[in-house]
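**Q** start_39.cif is reproduced below (mmCIF, C-alpha atoms).
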```
data_final
loop_
_atom_site.label_atom_id
_atom_site.label_comp_id
_atom_site.auth_asym_id
_atom_site.auth_seq_id
_atom_site.Cartn_x
_atom_site.Cartn_y
_atom_site.Cartn_z
CA MET A 1 -1.40 10.47 -9.95
CA ARG A 2 -3.07 12.82 -12.49
CA GLY A 3 -6.32 12.95 -10.54
CA PHE A 4 -7.65 10.70 -7.79
CA ASN A 5 -11.38 11.34 -8.13
CA LYS A 6 -12.13 8.15 -10.09
CA ILE A 7 -13.26 5.16 -8.01
CA SER A 8 -11.29 2.79 -10.26
CA LYS A 9 -8.06 4.44 -9.12
CA HIS A 10 -9.05 3.98 -5.49
CA GLY A 11 -9.17 0.23 -6.04
CA VAL A 12 -5.75 0.15 -7.72
CA VAL A 13 -4.11 1.99 -4.83
CA ARG A 14 -6.05 0.04 -2.18
CA ASP A 15 -4.95 -3.31 -3.62
CA TRP A 16 -1.34 -2.15 -3.86
CA VAL A 17 -1.30 -0.99 -0.24
CA ARG A 18 -2.82 -4.27 0.95
CA ASN A 19 -0.66 -6.57 -1.17
CA GLN A 20 2.59 -4.84 -0.22
CA SER A 21 1.62 -4.31 3.47
CA LEU A 22 2.44 -0.61 3.17
CA GLN A 23 2.34 1.41 6.39
CA PHE A 24 2.50 5.04 5.22
CA GLY A 25 3.15 7.06 2.10
CA SER A 26 2.28 9.98 -0.11
CA LEU A 27 0.11 10.72 -3.14
CA ILE A 28 0.83 13.71 -5.35
CA GLU A 29 -1.21 15.58 -7.93
CA THR A 30 -4.50 14.14 -6.71
CA ARG A 31 -6.50 17.12 -8.04
CA VAL A 32 -9.11 16.47 -5.34
CA GLN A 33 -10.96 19.40 -3.82
CA GLU A 34 -10.61 19.77 -0.07
CA ASN A 35 -14.29 19.10 0.67
CA LYS A 36 -14.02 15.68 -1.05
CA ALA A 37 -10.65 14.64 0.36
CA GLU A 38 -11.80 12.88 3.54
CA ARG A 39 -14.41 10.78 1.73
CA ILE A 40 -11.92 9.66 -0.91
CA VAL A 41 -9.25 8.84 1.68
CA ASN A 42 -11.77 6.67 3.53
CA SER A 43 -12.59 4.91 0.27
CA ALA A 44 -8.98 4.16 -0.70
CA PHE A 45 -7.37 3.82 2.74
CA HIS A 46 -9.68 2.19 5.27
CA ASN A 47 -9.07 3.41 8.84
CA TRP A 48 -6.03 5.45 7.77
CA SER A 49 -5.25 9.06 8.67
CA TYR A 50 -4.13 11.77 6.28
CA MET A 51 -2.91 15.33 5.96
CA ALA A 52 -2.45 17.58 2.93
CA ASN A 53 -1.20 21.03 1.99
CA TYR A 54 -4.51 22.63 0.99
CA GLU A 55 -3.54 25.72 2.96
CA HIS A 56 -0.77 26.30 0.40
CA HIS A 57 -2.55 25.13 -2.77
CA HIS A 58 -6.27 24.89 -3.48
CA LEU A 59 -5.98 21.33 -4.86
CA GLY A 60 -3.76 19.96 -2.10
CA ARG A 61 -0.84 18.94 -4.30
CA ILE A 62 0.52 16.49 -1.70
CA TRP A 63 -1.29 13.98 0.49
CA VAL A 64 0.42 12.08 3.30
CA VAL A 65 -1.43 8.97 4.48
CA TRP A 66 -0.61 6.49 7.25
CA GLY A 67 -2.06 3.44 8.94
CA PRO A 68 -2.86 2.88 12.63
CA SER A 69 0.54 1.24 13.33
CA VAL A 70 2.42 4.46 12.48
CA ARG A 71 2.62 7.77 14.34
CA ILE A 72 3.14 10.81 12.11
CA THR A 73 3.63 14.37 13.34
CA PRO A 74 3.62 17.33 10.89
CA VAL A 75 6.75 19.50 10.97
CA TYR A 76 6.56 21.83 7.95
CA LYS A 77 4.37 22.41 4.90
CA SER A 78 4.62 24.42 1.71
CA SER A 79 3.15 24.21 -1.78
CA GLN A 80 5.99 21.86 -2.82
CA LEU A 81 6.66 19.68 0.24
CA ILE A 82 5.33 18.22 3.45
CA THR A 83 7.83 17.28 6.15
CA CYS A 84 6.86 15.14 9.12
CA SER A 85 8.37 12.92 11.77
CA VAL A 86 7.54 9.22 11.45
CA LEU A 87 7.60 6.61 14.20
CA MET A 88 6.97 3.10 12.93
CA GLU A 89 5.78 0.15 14.95
CA GLY A 90 8.57 -1.56 16.87
CA LYS A 91 10.91 1.43 16.59
CA THR A 92 12.00 3.78 19.37
CA GLU A 93 13.58 6.46 17.16
CA GLU A 94 11.66 8.80 14.86
CA MET A 95 12.64 9.40 11.25
CA MET A 96 12.18 12.66 9.37
CA CYS A 97 10.39 12.28 6.02
CA THR A 98 9.96 15.00 3.42
CA PHE A 99 7.46 14.30 0.63
CA VAL A 100 8.15 16.43 -2.45
CA TYR A 101 6.16 17.51 -5.48
CA ALA A 102 8.26 20.19 -7.17
CA LEU A 103 6.77 22.87 -9.41
CA ASN A 104 7.62 23.10 -13.09
CA THR A 105 9.87 26.13 -13.43
CA ILE A 106 13.42 26.71 -12.21
CA GLU A 107 12.37 29.88 -10.36
CA GLU A 108 9.57 28.08 -8.48
CA ARG A 109 11.84 25.18 -7.55
CA ARG A 110 14.33 27.58 -5.96
CA LEU A 111 11.81 28.04 -3.14
CA LEU A 112 11.82 24.27 -2.65
CA TRP A 113 15.64 24.17 -2.57
CA GLU A 114 15.62 26.95 0.02
CA ASP A 115 13.18 25.00 2.20
CA LEU A 116 15.42 21.91 2.04
CA ARG A 117 18.44 24.03 2.91
CA ASN A 118 16.61 25.37 5.97
CA HIS A 119 15.70 21.81 6.95
CA LYS A 120 19.35 20.82 6.87
CA ASP A 121 20.34 23.82 9.03
CA SER A 122 17.58 23.21 11.60
CA PRO A 123 18.63 21.68 14.97
CA MET A 124 15.57 19.42 14.67
CA PHE A 125 17.31 17.48 11.88
CA LYS A 126 20.68 17.10 13.60
CA ASN A 127 21.67 13.41 13.88
CA LYS A 128 18.22 12.41 12.61
CA GLN A 129 17.44 9.90 9.88
CA TRP A 130 16.10 11.95 6.95
CA MET A 131 14.39 10.67 3.82
CA VAL A 132 13.37 13.01 0.98
CA CYS A 133 11.21 11.41 -1.70
CA GLY A 134 8.82 12.32 -4.46
CA ASP A 135 8.66 14.04 -7.85
CA PHE A 136 11.44 16.65 -8.13
CA ASN A 137 10.49 17.66 -11.71
CA GLU A 138 14.21 17.74 -12.50
CA THR A 139 16.92 15.22 -13.34
CA LEU A 140 20.02 15.00 -11.20
CA ASN A 141 22.38 13.68 -13.87
CA GLY A 142 22.45 13.90 -17.66
CA GLU A 143 22.07 10.14 -18.08
CA GLU A 144 18.63 10.40 -16.49
CA HIS A 145 17.26 11.95 -19.70
CA SER A 146 16.57 9.72 -22.71
CA SER A 147 18.00 12.34 -25.12
CA TYR A 148 21.26 12.85 -23.23
CA GLU A 149 23.40 11.09 -25.85
CA ASN A 150 22.12 13.46 -28.55
CA MET A 151 22.26 16.58 -26.33
CA PRO A 152 24.86 16.00 -23.59
CA ASN A 153 24.50 19.20 -21.59
CA THR A 154 23.93 20.13 -17.95
CA THR A 155 21.11 22.61 -17.46
CA VAL A 156 20.85 25.32 -14.81
CA GLY A 157 18.06 23.37 -13.13
CA MET A 158 20.25 20.26 -12.88
CA ARG A 159 23.15 22.22 -11.38
CA GLU A 160 20.91 23.77 -8.74
CA PHE A 161 19.45 20.36 -7.90
CA GLN A 162 22.94 18.88 -7.59
CA GLU A 163 24.00 21.78 -5.36
CA ILE A 164 21.15 21.31 -2.88
CA VAL A 165 21.72 17.53 -2.75
CA ARG A 166 25.38 18.13 -1.88
CA TYR A 167 24.53 20.82 0.67
CA CYS A 168 22.06 18.56 2.46
CA SER A 169 24.45 15.56 2.31
CA LEU A 170 21.83 13.46 0.55
CA MET A 171 22.28 10.44 -1.68
CA ASP A 172 20.05 8.09 -3.66
CA MET A 173 18.70 5.14 -1.72
CA GLY A 174 19.48 1.81 -3.31
CA SER A 175 16.75 0.99 -5.80
CA HIS A 176 15.31 -1.67 -8.08
CA GLY A 177 13.47 -1.02 -11.32
CA PRO A 178 13.82 1.09 -14.48
CA THR A 179 16.07 4.15 -14.59
CA PHE A 180 13.41 6.40 -16.08
CA THR A 181 10.33 7.05 -13.94
CA TRP A 182 8.32 9.32 -16.27
CA CYS A 183 7.42 9.19 -19.95
CA ASN A 184 5.43 11.56 -22.17
CA LYS A 185 3.86 8.51 -23.90
CA ARG A 186 4.18 9.94 -27.40
CA GLU A 187 4.80 7.79 -30.46
CA GLU A 188 6.82 10.59 -32.05
CA GLY A 189 9.21 12.63 -29.95
CA LEU A 190 9.25 10.16 -27.09
CA ILE A 191 10.93 11.54 -23.96
CA CYS A 192 11.71 9.65 -20.77
CA LYS A 193 13.25 11.05 -17.57
CA LYS A 194 14.03 10.12 -14.00
CA LEU A 195 12.02 12.72 -12.12
CA ASP A 196 11.15 10.62 -9.07
CA ARG A 197 13.64 9.43 -6.48
CA VAL A 198 14.26 8.62 -2.81
CA LEU A 199 17.12 10.51 -1.16
CA ILE A 200 18.52 9.76 2.30
CA ASN A 201 21.21 11.25 4.52
CA ASP A 202 24.16 9.42 6.12
CA THR A 203 22.26 8.78 9.35
CA ALA A 204 19.44 7.07 7.46
CA LEU A 205 21.93 5.09 5.35
CA HIS A 206 23.36 3.47 8.49
CA GLY A 207 20.16 3.40 10.53
CA LEU A 208 17.86 1.84 7.93
CA GLY A 209 20.22 -1.02 7.21
CA SER A 210 19.21 -3.00 4.13
CA ALA A 211 16.28 -0.76 3.17
CA TYR A 212 15.79 -0.08 -0.54
CA CYS A 213 13.17 1.40 -2.86
CA VAL A 214 11.37 -0.19 -5.80
CA PHE A 215 10.10 1.69 -8.86
CA GLU A 216 7.43 -0.25 -10.68
CA SER A 217 4.71 0.15 -13.27
CA GLY A 218 1.11 -0.85 -12.84
CA GLY A 219 -0.21 2.22 -11.11
CA CYS A 220 -2.63 4.83 -12.42
CA SER A 221 -0.19 7.59 -13.37
CA ASP A 222 2.26 8.59 -16.10
CA HIS A 223 4.96 8.15 -13.44
CA LEU A 224 6.20 4.87 -12.02
CA ARG A 225 5.00 4.28 -8.50
CA CYS A 226 7.57 3.83 -5.77
CA ARG A 227 7.63 1.90 -2.50
CA VAL A 228 10.33 1.70 0.15
CA GLN A 229 11.09 -1.76 1.47
CA PHE A 230 12.36 -1.57 5.04
CA ASN A 231 13.98 -4.58 6.68
CA LYS A 232 11.67 -7.57 6.91
CA GLU A 233 11.45 -7.48 10.70
CA MET A 234 9.58 -4.18 10.37
CA GLN A 235 7.29 -5.32 7.57
CA LYS A 236 6.34 -8.75 8.87
CA LYS A 237 2.85 -8.93 10.27
CA ARG A 238 1.39 -11.62 12.46
CA LYS A 239 -2.01 -12.81 11.34
CA PRO A 240 -4.61 -12.49 14.11
CA PHE A 241 -6.18 -15.66 15.46
CA LYS A 242 -9.72 -16.12 14.17
CA PHE A 243 -11.98 -18.71 15.78
CA THR A 244 -14.66 -19.97 13.42
CA ASN A 245 -17.81 -21.04 15.28
CA VAL A 246 -18.30 -24.07 13.06
CA VAL A 247 -15.10 -25.59 14.52
CA ALA A 248 -16.90 -26.06 17.84
CA THR A 249 -19.44 -28.34 16.13
CA MET A 250 -16.81 -30.73 14.74
CA GLU A 251 -16.31 -34.16 16.30
CA GLU A 252 -12.61 -33.50 16.82
CA PHE A 253 -13.14 -30.25 18.75
CA HIS A 254 -13.91 -31.60 22.25
CA PRO A 255 -11.19 -34.32 22.17
CA THR A 256 -8.64 -31.72 21.05
CA VAL A 257 -9.51 -29.34 23.89
CA GLU A 258 -9.69 -32.14 26.50
CA SER A 259 -6.35 -33.58 25.43
CA TYR A 260 -4.61 -30.20 25.68
CA TRP A 261 -6.24 -29.43 29.03
CA ARG A 262 -5.10 -32.74 30.54
CA GLU A 263 -1.52 -32.49 29.23
CA THR A 264 -0.91 -28.96 30.50
CA GLN A 265 -0.51 -27.71 34.06
CA ARG A 266 -3.71 -27.72 36.11
CA LEU A 267 -5.28 -24.45 37.24
CA PHE A 268 -5.67 -23.69 40.93
CA HIS A 269 -6.98 -20.83 43.07
CA SER A 270 -4.36 -18.12 43.41
CA THR A 271 -3.79 -14.41 42.77
CA SER A 272 -2.47 -15.30 39.30
CA ALA A 273 -5.29 -17.68 38.35
CA LEU A 274 -6.74 -15.34 35.72
CA TYR A 275 -3.32 -14.79 34.14
CA ARG A 276 -2.69 -18.56 34.04
CA LEU A 277 -6.10 -19.14 32.42
CA GLY A 278 -5.36 -16.58 29.72
CA LYS A 279 -1.96 -18.13 29.09
CA LYS A 280 -3.50 -21.59 28.82
CA LEU A 281 -6.14 -20.42 26.36
CA LYS A 282 -3.43 -18.79 24.21
CA GLY A 283 -1.54 -22.08 24.22
CA LEU A 284 -4.65 -23.79 22.82
CA LYS A 285 -4.66 -21.60 19.69
CA PRO A 286 -2.09 -23.62 17.65
CA ALA A 287 -4.10 -26.84 18.04
CA LEU A 288 -7.30 -25.08 16.96
CA LYS A 289 -5.49 -23.47 14.02
CA VAL A 290 -4.38 -26.93 12.82
CA LEU A 291 -7.93 -28.25 13.17
CA SER A 292 -9.39 -25.30 11.23
CA LYS A 293 -6.77 -25.67 8.50
CA GLU A 294 -7.46 -29.39 8.09
CA LYS A 295 -11.24 -29.07 7.98
CA LEU A 296 -11.82 -25.65 6.42
CA ARG A 297 -8.94 -25.43 3.95
CA ASP A 298 -9.79 -23.90 0.54
CA LEU A 299 -13.27 -22.97 1.74
CA PRO A 300 -13.95 -20.55 -1.19
CA LYS A 301 -12.96 -23.26 -3.67
CA LYS A 302 -15.14 -25.84 -1.94
CA THR A 303 -18.04 -23.37 -1.95
CA LYS A 304 -17.75 -22.89 -5.73
CA GLU A 305 -17.57 -26.66 -6.29
CA ALA A 306 -20.62 -27.21 -4.10
CA TYR A 307 -22.53 -24.49 -5.98
CA LYS A 308 -21.63 -26.14 -9.29
CA VAL A 309 -22.86 -29.52 -8.05
CA LEU A 310 -26.06 -27.90 -6.75
CA CYS A 311 -26.75 -26.34 -10.16
CA GLU A 312 -26.23 -29.69 -11.91
CA LYS A 313 -28.55 -31.45 -9.47
CA GLN A 314 -31.22 -28.79 -9.95
CA LYS A 315 -30.92 -29.19 -13.70
CA GLU A 316 -31.33 -32.97 -13.43
CA THR A 317 -34.33 -32.53 -11.12
CA PHE A 318 -36.08 -30.15 -13.51
CA CYS A 319 -35.47 -32.53 -16.42
CA VAL A 320 -37.07 -35.38 -14.47
CA LEU A 321 -40.03 -33.39 -13.14
CA LEU A 322 -40.78 -31.47 -16.33
CA PRO A 323 -43.96 -33.01 -17.91
CA ARG A 324 -43.32 -34.56 -21.30
CA PRO A 325 -45.55 -33.21 -24.12
CA SER A 326 -48.22 -35.55 -25.51
CA GLU A 327 -47.86 -37.00 -29.04
CA ARG A 328 -50.85 -34.89 -30.14
CA LYS A 329 -49.13 -31.68 -29.04
CA VAL A 330 -45.88 -32.71 -30.74
CA LYS A 331 -47.73 -33.49 -33.98
CA ARG A 332 -49.61 -30.15 -33.81
CA TRP A 333 -46.32 -28.31 -33.21
CA ARG A 334 -44.67 -30.04 -36.23
CA ASP A 335 -47.67 -29.32 -38.48
CA GLY A 336 -47.51 -25.68 -37.47
CA ILE A 337 -43.86 -25.45 -38.57
CA ASN A 338 -44.55 -27.08 -41.91
#
```
For the file at hand, write its structure as structure tokens.
**A**
Amino acid sequence: MRGFNKISKHGVVRDWVRNQSLQFGSLIETRVQENKAERIVNSAFHNWSYMANYEHHHLGRIWVVWGPSVRITPVYKSSQLITCSVLMEGKTEEMMCTFVYALNTIEERRLLWEDLRNHKDSPMFKNKQWMVCGDFNETLNGEEHSSYENMPNTTVGMREFQEIVRYCSLMDMGSHGPTFTWCNKREEGLICKKLDRVLINDTALHGLGSAYCVFESGGCSDHLRCRVQFNKEMQKKRKPFKFTNVVATMEEFHPTVESYWRETQRLFHSTSALYRLGKKLKGLKPALKVLSKEKLRDLPKKTKEAYKVLCEKQKETFCVLLPRPSERKVKRWRDGIN
């Protein structure tokens, strides 16, 4: 992220979350002080909750954010990871998610590998879906470095990363997008690497079905941003019914309601009368939706067209009402120029 204090970055993230219908996620390297975090979260993620690891690093290297349809419970925090259980809407089984932002040196990352090893050994993770995602600050294979063909070697850091991935029985989630996720953006000495990835265990591989991750540009970082696409049944959202008051003033409104009321079962006094009334009103919604769509379609476009017509009419009116100058004034004005 390389800093999340700028308001312009809030808008980029907010639009991305809305357009992709994201439910939860993580931001790393925000560089936001703890006393400003809540205000910035409210700006970028309306009505969302968050947690961070400020108790392990003064700039809270990792933020975890989630919307109201998701229940997240913290499990473990360190300076390089936050692990939590995630229960998404429509699901009965929790998933364990570890959000990673690894430190730069091999020695520092060994603490991260030890934490992941302890996760794997914990009874809490037995037979649980487990997803580990984020910036690992290390490549897993030589081909994930742009200079591999010129220097085909396996570093100590790569071997240790490979070892912990094998120990934890993790594998890359299926993904779309470029191989490299980070670039130093230099004209000379350009280096690109795959530092960011989404890893899952066998239980998640079978439990998440056709889920996959997408790495894409367009964010506000020197890294590609990543989103996980779960199966469509989980992502699909029903739009809430919105009744516009102006619909009630239309000529077609009363005939539409009367026709539906006559054609459906009549209400009668009983212990379930209120339930039947509610069910009948819900059944009326599709007819009102059709009426609103027919009469109020492209309302923003119609508003702009009406405003344009209004401006033209005002211009014509001013031209008609504006008093024409007398010939004497015109002659005086011309003589003044000459």
**Q** I'd like the contact shell of Arg14 (chain A) - 9 Å cut-off, all atoms listed in the file, skipping same-chain residues fewer than 5 positions apart - returned as a VMD selection string.
**A** chain A and resid 9 19 43 to 46
**Q** Atoms to include: C-alpha atoms. Write the selected residues as an mmCIF file, keeping the file's coordinate frame.
**A**
```
data_model
loop_
_atom_site.group_PDB
_atom_site.id
_atom_site.type_symbol
_atom_site.label_atom_id
_atom_site.label_comp_id
_atom_site.auth_asym_id
_atom_site.auth_seq_id
_atom_site.Cartn_x
_atom_site.Cartn_y
_atom_site.Cartn_z
ATOM 1 C CA LYS A 9 -8.060 4.440 -9.120
ATOM 2 C CA ASN A 19 -0.660 -6.570 -1.170
ATOM 3 C CA SER A 43 -12.590 4.910 0.270
ATOM 4 C CA ALA A 44 -8.980 4.160 -0.700
ATOM 5 C CA PHE A 45 -7.370 3.820 2.740
ATOM 6 C CA HIS A 46 -9.680 2.190 5.270
#
```
**Q** Starting from the displayed file, determine the output of the PyMOL selection byres ((chain A and resi 145) around 9) and express the residue list as a list in words.
**A** Thr139, Asn141, Gly142, Glu143, Glu144, Ser146, Ser147, Tyr148, Glu149, Phe180, Ile191, Cys192, Lys193 and Lys194 of chain A
**Q** Could you work out how far CA of Gly174 (chain A) lies from CA of Cys213 (chain A), giving the answer in Å with one decimal?
**A**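 Between these atoms lies a distance of 6.3 Å.
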**Q** Using the chain letters and numbers from this file, what does the PyMOL selection byres ((chain A and resi 60-62) around 12) select? Give the answer as a PDB file with C-alpha atoms, in the frame of the given file.
**A**
```pdb
ATOM      1  CA  MET A   1      -1.400  10.470  -9.950  1.00  0.00           C
ATOM      2  CA  ARG A   2      -3.070  12.820 -12.490  1.00  0.00           C
ATOM      3  CA  GLY A   3      -6.320  12.950 -10.540  1.00  0.00           C
ATOM      4  CA  PHE A   4      -7.650  10.700  -7.790  1.00  0.00           C
ATOM      5  CA  GLY A  25       3.150   7.060   2.100  1.00  0.00           C
ATOM      6  CA  SER A  26       2.280   9.980  -0.110  1.00  0.00           C
ATOM      7  CA  LEU A  27       0.110  10.720  -3.140  1.00  0.00           C
ATOM      8  CA  ILE A  28       0.830  13.710  -5.350  1.00  0.00           C
ATOM      9  CA  GLU A  29      -1.210  15.580  -7.930  1.00  0.00           C
ATOM     10  CA  THR A  30      -4.500  14.140  -6.710  1.00  0.00           C
ATOM     11  CA  ARG A  31      -6.500  17.120  -8.040  1.00  0.00           C
ATOM     12  CA  VAL A  32      -9.110  16.470  -5.340  1.00  0.00           C
ATOM     13  CA  GLN A  33     -10.960  19.400  -3.820  1.00  0.00           C
ATOM     14  CA  GLU A  34     -10.610  19.770  -0.070  1.00  0.00           C
ATOM     15  CA  ASN A  35     -14.290  19.100   0.670  1.00  0.00           C
ATOM     16  CA  LYS A  36     -14.020  15.680  -1.050  1.00  0.00           C
ATOM     17  CA  ALA A  37     -10.650  14.640   0.360  1.00  0.00           C
ATOM     18  CA  TYR A  50      -4.130  11.770   6.280  1.00  0.00           C
ATOM     19  CA  MET A  51      -2.910  15.330   5.960  1.00  0.00           C
ATOM     20  CA  ALA A  52      -2.450  17.580   2.930  1.00  0.00           C
ATOM     21  CA  ASN A  53      -1.200  21.030   1.990  1.00  0.00           C
ATOM     22  CA  TYR A  54      -4.510  22.630   0.990  1.00  0.00           C
ATOM     23  CA  GLU A  55      -3.540  25.720   2.960  1.00  0.00           C
ATOM     24  CA  HIS A  56      -0.770  26.300   0.400  1.00  0.00           C
ATOM     25  CA  HIS A  57      -2.550  25.130  -2.770  1.00  0.00           C
ATOM     26  CA  HIS A  58      -6.270  24.890  -3.480  1.00  0.00           C
ATOM     27  CA  LEU A  59      -5.980  21.330  -4.860  1.00  0.00           C
ATOM     28  CA  TRP A  63      -1.290  13.980   0.490  1.00  0.00           C
ATOM     29  CA  VAL A  64       0.420  12.080   3.300  1.00  0.00           C
ATOM     30  CA  VAL A  65      -1.430   8.970   4.480  1.00  0.00           C
ATOM     31  CA  LYS A  77       4.370  22.410   4.900  1.00  0.00           C
ATOM     32  CA  SER A  78       4.620  24.420   1.710  1.00  0.00           C
ATOM     33  CA  SER A  79       3.150  24.210  -1.780  1.00  0.00           C
ATOM     34  CA  GLN A  80       5.990  21.860  -2.820  1.00  0.00           C
ATOM     35  CA  LEU A  81       6.660  19.680   0.240  1.00  0.00           C
ATOM     36  CA  ILE A  82       5.330  18.220   3.450  1.00  0.00           C
ATOM     37  CA  THR A  83       7.830  17.280   6.150  1.00  0.00           C
ATOM     38  CA  THR A  98       9.960  15.000   3.420  1.00  0.00           C
ATOM     39  CA  PHE A  99       7.460  14.300   0.630  1.00  0.00           C
ATOM     40  CA  VAL A 100       8.150  16.430  -2.450  1.00  0.00           C
ATOM     41  CA  TYR A 101       6.160  17.510  -5.480  1.00  0.00           C
ATOM     42  CA  ALA A 102       8.260  20.190  -7.170  1.00  0.00           C
ATOM     43  CA  LEU A 103       6.770  22.870  -9.410  1.00  0.00           C
ATOM     44  CA  CYS A 133      11.210  11.410  -1.700  1.00  0.00           C
ATOM     45  CA  GLY A 134       8.820  12.320  -4.460  1.00  0.00           C
ATOM     46  CA  ASP A 135       8.660  14.040  -7.850  1.00  0.00           C
TER      47      ASP A 135
END
```
**Q** Grab the CA of Ser169 (chain A) to CA of Leu208 (chain A) distance for me, in Å with one decimal place.
**A**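 So the answer is 16.2 Å.
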**Q** Which residue is closest to Lys126 (chain A)? Choose from A:Leu22, A:Met95, A:Ala306, A:Met151 and count only C-alpha atoms.
**A** A:Met95
**Q** Taking the file above as input, evaluate the PyMOL selection byres ((chain A and resi 16) around 12) and report the hits as a list of chain:residue names.
**A**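 So the PyMOL selection byres ((chain A and resi 16) around 12), applied here, picks out A:Lys9, A:His10, A:Gly11, A:Val12, A:Val13, A:Arg14, A:Asp15, A:Val17, A:Arg18, A:Asn19, A:Gln20, A:Ser21, A:Leu22, A:Gln23, A:Gly25, A:Ala44, A:Phe45, A:Glu216, A:Ser217, A:Gly218, A:Gly219, A:Cys220, A:Arg225, A:Cys226, A:Arg227.
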**Q** Using all atoms listed in the file, which residue out of A:Trp261, A:Lys295, A:Leu284, A:Asn201 lies closest to Thr244 (chain A)?
**A** A:Lys295
